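Below is one structure, written out as structure tokens; comments come after it.
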There are 2 protein chains.
Amino acid sequence: MKKLINSVDSVEEQMILGLVKSAPKKLRKLDCGNVVAEKKSDKVALVSGGGSGHEPSHGGFVGKGMLDCAVAGAVFTSPTPDKIFEGIKAVATEAGVLCIVKNYTGDVMNFEMAMDMAADEDIKVAHVVVNDDVAVQDSLYTTGRRGVAGTVLVHKIAGAKAETGATLDQVKAVAEKVIANVRTMGMAISPCTVPAAGKPGFELADDEMEIGIGIHGEPGTHRDKLTSADEIAKTLLDKILADIDYKNREVVVLVNGMGATPLMELYIINNFVQDYLAQAGVKVYNTMVGNYMTSIEMAGFSITLLRLDDELKNLYDAPADTPALVKA
Amino acid sequence: MKKLINSVDSVEEQMILGLVKSAPKKLRKLDCGNVVAEKKSDKVALVSGGGSGHEPSHGGFVGKGMLDCAVAGAVFTSPTPDKIFEGIKAVATEAGVLCIVKNYTGDVMNFEMAMDMAADEDIKVAHVVVNDDVAVQDSLYTTGRRGVAGTVLVHKIAGAKAETGATLDQVKAVAEKVIANVRTMGMAISPCTVPAAGKPGFELADDEMEIGIGIHGEPGTHRDKLTSADEIAKTLLDKILADIDYKNREVVVLVNGMGATPLMELYIINNFVQDYLAQAGVKVYNTMVGNYMTSIEMAGFSITLLRLDDELKNLYDAPADTPALVKA
């Protein structure tokens, strides 16, 4: 295992400290390790989180217009209910708290327990579960579809809605609208190593790739011989486009790197994605290319499409100021 | 060579197309392959560039508040003088053009030839040479110090100065002030592969690292056994801090990934950097952590410090709207 770390035990703590110290006027670390926005709001507060290893998700999206708190578990491990509860308490307002949970059995269970603890202390709390991954129905850590890169768009749009002073029900409704309209699929050409495990989570031959991979390296739909960037992107897009109807609709495109994929390759993929969507009659409203939901140093990418209406467009365009996403 | 590309020959063209299509309202591709801002200005125009493989540098920094044109050569190869000249012509204004050149023998020579061609057509043009890398005095492709990640801060600050309507002399002067105050040093734990070469540019054993590496994988100061993130960061910072006096000065910190380094590791490095600078009496004004000047899929990082005064602070804070850097 070749990594730029100090010790296996210190990875999560030092990573969170390093993130918070990159934006000390905007972020604060709780003793339990959660990242919270420095400025407490009076709007509906947004809490997300999950295992570490997906940086900049979720701590990098804490700040104006997005999350109020990100709860980080150990690498690829759900945060405990008490840690989530600490996060909810730290940012809870009279307007309530919306938890944005990626669909993994452990995350959903622990968030639900934490919300029960919060409700016991009269905190108004609701949650949504993101399940944007069209690759597989059930998976290693999930019943139903997994929550992956589309979660960042839920953060963005629900965060913008909360900034408008909307009620908890209204913020939850728009988050659910994003979830109903966002689809993702990913792939990898090389694995990642959880520091505590010390060896890659899976292996791929020099000429192999995993199609439909999850963000923890979970198996996807199939393994195949590595082919061209365009053919791979077509495979992923075809599955996404077949899931809901995008024809003549406007979309946000997110070409997301898994952590070790050079931007050179993500741009090459985006070149095909844009042409293919144009041919398919899908109108691109905005495009994001970069590392948003990673799997440590996995090499690969995912494509996300979010189908828009006027409300989602306006909220997507609203200002955001977080370490990993700034909208002017 | 395991890469997400379509063919070795199409890498540069498709990469530039993919970048431009990610922001079609802001960027345009010239037939020769250069990336230019969609909106032509009447201010001093900024042109930068160099070999490809450093994405998002430089095309990702074209846009409001930064560059007007980025000229891209083949991977790790200086763009030809006529291509640079095309870029200069495309964005030249009455106020003139400032070229921002990284210090590599080929880049400097080709930019100078292009500027001669521009001067022959009565275009007012000047240039600055960025040489922020403190690692080595001369190197594989360079006489003198190399230009590396600090170049992004020259783009940012000179770009902001140009937006104020400053003259070519004034924009050049502030670019030179940044160059006089910016220092960088990098390292790598794994190499990168130029697509046309098909194999890594160098090799490192499982327990080895290269300290002081250049952004084309050029040798640095020495090879060593891989040690902790903190010790490595200390080695780089000690060399930077010894070069000019930062004591009691405010700085911008840039912890830059080389392309395949997970954000997890960059944050862990930043955690040490911030503590060490505080101990050294250096005040951090702002911090950037991410992939700004990469070496395809090299794993490693660089640290950049820019010493500030009030003028540089104000210009650093000014709005920017480019694919790879947004300042609200």
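Ligands are numbered from 1 in the order shown, residues from 1 within each chain, and chains are lettered A, B, ... in the order they appear in the structure tokens.
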
task = Could you pull out the residues in segment 95-274 of chain A that DSSP calls strand (DSSP E) from the backbone, as a PyMOL selection string?
result = chain A and resi 97-102+125-130+182-190+208-211+222-225+250-257

task = Using only C-alpha atoms, select each residue of chain A with any atom at most 7 Å away from an atom of chain B, and give the selection as number ranges by chain.
result = A: 2, 4-6, 14-15, 17-19, 21-23, 53, 55-56, 206, 228-230, 259-265, 267-268, 270-271, 274, 287-288, 296-297, 326-328

key: Residue neighbourhood Gly159 of chain A, 9 Å, only C-alpha atoms, exclusion window fewer than 4 positions, as JSON, numbers by chain   = {"A": [44, 45, 46, 64, 65, 66, 67, 68, 154, 155, 163, 171, 175, 315, 320]}

message = Let's see if you can do this: from backbone DSSP, list all alpha helix (DSSP H) residues in segment 114-256 of chain A, as number ranges by chain.
response = A: 114-120, 151-163, 168-181, 229-241

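Note that the spacing between atom CA of Lys40 of chain B and atom CA of Met113 of chain B amounts to 23.9 Å.
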
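Each of B:Gly33, B:Gly51, B:Gly73, B:Gly63 was compared to Glu86 of chain B using only C-alpha atoms, and B:Gly33 turns out to be the nearest.
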
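For the pair atom CA of Arg183 of chain B and atom CA of Gly87 of chain B, the separation is 27.9 Å.
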
task = For Leu306 of chain A, please output as number ranges by chain all residues within 9 Å (counting only C-alpha atoms; exclusion window: fewer than 5 positions along the same chain).
result = A: 150, 153, 178-179, 181-184, 250-254

message = Under the rule that only C-alpha atoms are counted, which of B:Thr322, B:Val128, B:Ser302, B:Val148 is the nearest residue to Ala37 of chain B?
response = B:Thr322
